[in-house]
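Heads up, the thing below is written out as structure tokens.
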Amino acid sequence: MFLLQLKHTQILLCAALLSGCSEQPWRQGELRKQEVVVVCVQPFSDLPAAEIQAVTRYLRACFSEVKVLKPVQLPASAFFRPRGRYRAEKLLQFLNERTPPGNLTIGLTAKDISTNKGSNPDYGIMGLGFCPGKACIASGFRLKGQNRLEKFCKVAIHELGHTQGLPHCPVTSCLMRDAEGKDYLNEETGFCTKCKAVLLKKGWMLN
Ligand SMILES: [Zn+2]
Ligand SMILES: [Zn+2]
């Protein structure tokens, strides 16, 4: 019901396992133009400190100002009891309300998150972000392998890319690649030239 009321703009999501990244209707204000991108990292209290630190370190290489907020409890209102996981769009709403004008917030959790996609009312995903907007979320729940922390960083930067208005990218090595129901994160080496140009204009620090 909530989603049905929110039309005309897009929300993009990254998904893992049986899921992919898709576009859905959403309403979200434009991010205010600014020279310095301020990113707020909002960890949820379930996430180990080492994972917060790893993502923060990665983001500090891309943004001139990264603030790490005190961990907060996942809002009970986002818990989807039938599947024992959290609704990503409700988490986005929670994060969005706490984001000052001109800032971006990335929420981080170890819990499984989901949203509706097509006819699937509860689709497991790795992340979700307003496109464009000021809030996004990344979950480490579905990430596997020895380099899962590196993958978590890539999911986070992908979702932040959506907040800047970037859609999915057809370049297979680009961080804005659509997951299409799989985990291609090891094939993603950076932003492609086109995506990078958009982000540089937004004030991102990219090599
Ligand atoms: Zn995506
Ligand atoms: Zn690209």
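Residues are named by chain letter and number: chains run A, B, ... in the order of the structure tokens, numbers start at 1 in each chain, and ligands are numbered from 1 in the order shown.
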task = Collect all residues with atoms no farther than 8 Å from ligand 2, counting only C-alpha atoms and all ligand atoms, and output them as a list of chain:residue names.
result = A:His168, A:Cys169, A:Pro170, A:Val171, A:Ser173, A:Cys174, A:Leu175, A:Met176, A:Arg177, A:Phe191, A:Cys192, A:Thr193, A:Lys194, A:Cys195, A:Lys196
Using the selection just defined, write its residues with N, CA and C atoms as a short mmCIF file (atom, residue, chain, number, x, y, z; two decimals), in the first residue's frame.
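Printed below is result13.cif as written:
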data_model
loop_
_atom_site.label_atom_id
_atom_site.label_comp_id
_atom_site.auth_asym_id
_atom_site.auth_seq_id
_atom_site.Cartn_x
_atom_site.Cartn_y
_atom_site.Cartn_z
N HIS A 168 21.36 1.23 -13.19
CA HIS A 168 22.27 0.11 -13.42
C HIS A 168 23.03 0.30 -14.72
N CYS A 169 24.20 -0.31 -14.76
CA CYS A 169 25.13 -0.08 -15.87
C CYS A 169 25.38 -1.39 -16.61
N PRO A 170 25.42 -1.33 -17.95
CA PRO A 170 25.66 -2.56 -18.72
C PRO A 170 27.12 -3.02 -18.72
N VAL A 171 28.04 -2.18 -18.27
CA VAL A 171 29.46 -2.58 -18.25
C VAL A 171 29.65 -3.62 -17.13
N SER A 173 32.16 -4.87 -15.59
CA SER A 173 33.13 -4.63 -14.52
C SER A 173 32.77 -3.42 -13.67
N CYS A 174 31.65 -2.78 -13.98
CA CYS A 174 31.26 -1.56 -13.28
C CYS A 174 30.53 -1.87 -11.97
N LEU A 175 30.82 -1.07 -10.98
CA LEU A 175 30.18 -1.26 -9.67
C LEU A 175 28.67 -1.03 -9.71
N MET A 176 28.18 -0.41 -10.77
CA MET A 176 26.73 -0.19 -10.89
C MET A 176 26.04 -1.30 -11.68
N ARG A 177 26.75 -2.40 -11.87
CA ARG A 177 26.16 -3.55 -12.58
C ARG A 177 24.96 -4.10 -11.81
N PHE A 191 34.12 1.85 -10.97
CA PHE A 191 33.09 2.50 -11.80
C PHE A 191 33.62 2.64 -13.23
N CYS A 192 32.77 2.42 -14.20
CA CYS A 192 33.17 2.62 -15.60
C CYS A 192 33.32 4.13 -15.85
N THR A 193 33.86 4.48 -16.99
CA THR A 193 34.13 5.89 -17.31
C THR A 193 32.88 6.75 -17.23
N LYS A 194 31.79 6.21 -17.74
CA LYS A 194 30.55 6.99 -17.79
C LYS A 194 29.98 7.23 -16.37
N CYS A 195 29.92 6.17 -15.58
CA CYS A 195 29.40 6.30 -14.21
C CYS A 195 30.33 7.19 -13.39
N LYS A 196 31.64 7.00 -13.58
CA LYS A 196 32.61 7.79 -12.82
C LYS A 196 32.44 9.28 -13.11
#
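Backbone DSSP over stretch 25-107 of chain A yields alpha helix (DSSP H) at Ala49, Ala50, Glu51, Ile52, Gln53, Ala54, Val55, Thr56, Arg57, Tyr58, Leu59, Arg60, Ala88, Glu89, Lys90, Leu91, Leu92, Gln93, Phe94, Leu95, Asn96 and Glu97 of chain A.
Atom pair atom CA of A:Ile157 / atom CA of A:Lys117: separated by 21.7 Å.
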message = Give me, as a PyMOL selection string, all polymer residues having an atom no more than 9 Å from A:Ala138, counting only C-alpha atoms and skipping those fewer than 6 positions away in the same chain.
response = chain A and resi 14+106-110+113+125-129+152-153+155-156+159
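Of the residues under consideration (A:Gly84, A:Pro121, A:Gly145, A:Pro132), A:Pro132 shows the shortest atom-to-atom contact distance to ligand 1 when counting only C-alpha atoms and all ligand atoms.
Ranking A:Gln42, A:Thr189, A:Thr172, A:Gln164 by their shortest atom-to-atom distance to A:Arg98, with only C-alpha atoms included, puts A:Gln42 first.
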inquiry  = Just to confirm, what's the straight-line distance from atom CA of A:Leu149 to atom CA of A:Glu51 in Å (one decimal)?
reply    = 6.8 Å
inquiry  = Set the distance at 12 Å and use only C-alpha atoms: which residues neighbour A:Pro43 once local chain neighbours fewer than 5 positions away are removed? I'd like the list as an MDAnalysis selection string.
reply    = chainID A and resid 48:56 67:74 91 95 105:111 136:140 156
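Proximity of A:Leu166, A:Ala135, A:Leu206, A:Leu143 to A:Glu97, computed with only C-alpha atoms, is greatest for A:Ala135.
Minimum atom-to-atom distance to ligand 1, evaluated using only C-alpha atoms and all ligand atoms, belongs to A:His162 out of A:Lys154, A:His162, A:Lys134, A:Lys201.
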request  = Can you pull out every residue within 9 Å of A:Gly165, counting only C-alpha atoms, but drop anything in the same chain fewer than 6 positions away, and send it as a ChimeraX atom specification?
outcome  = /A:30,130-133,198
For C-alpha atoms, I'd like the residues from the last selection saved as a compact mmCIF listing (two decimals), in the first residue's frame.
# COMPACT_ATOMS: atom_id res chain seq x y z
CA GLU A 30 16.51 15.68 -5.28
CA PHE A 130 16.70 5.89 -3.39
CA CYS A 131 17.50 6.89 -6.97
CA PRO A 132 18.05 9.73 -6.56
CA GLY A 133 17.81 10.49 -2.88
CA VAL A 198 28.61 11.41 -13.14
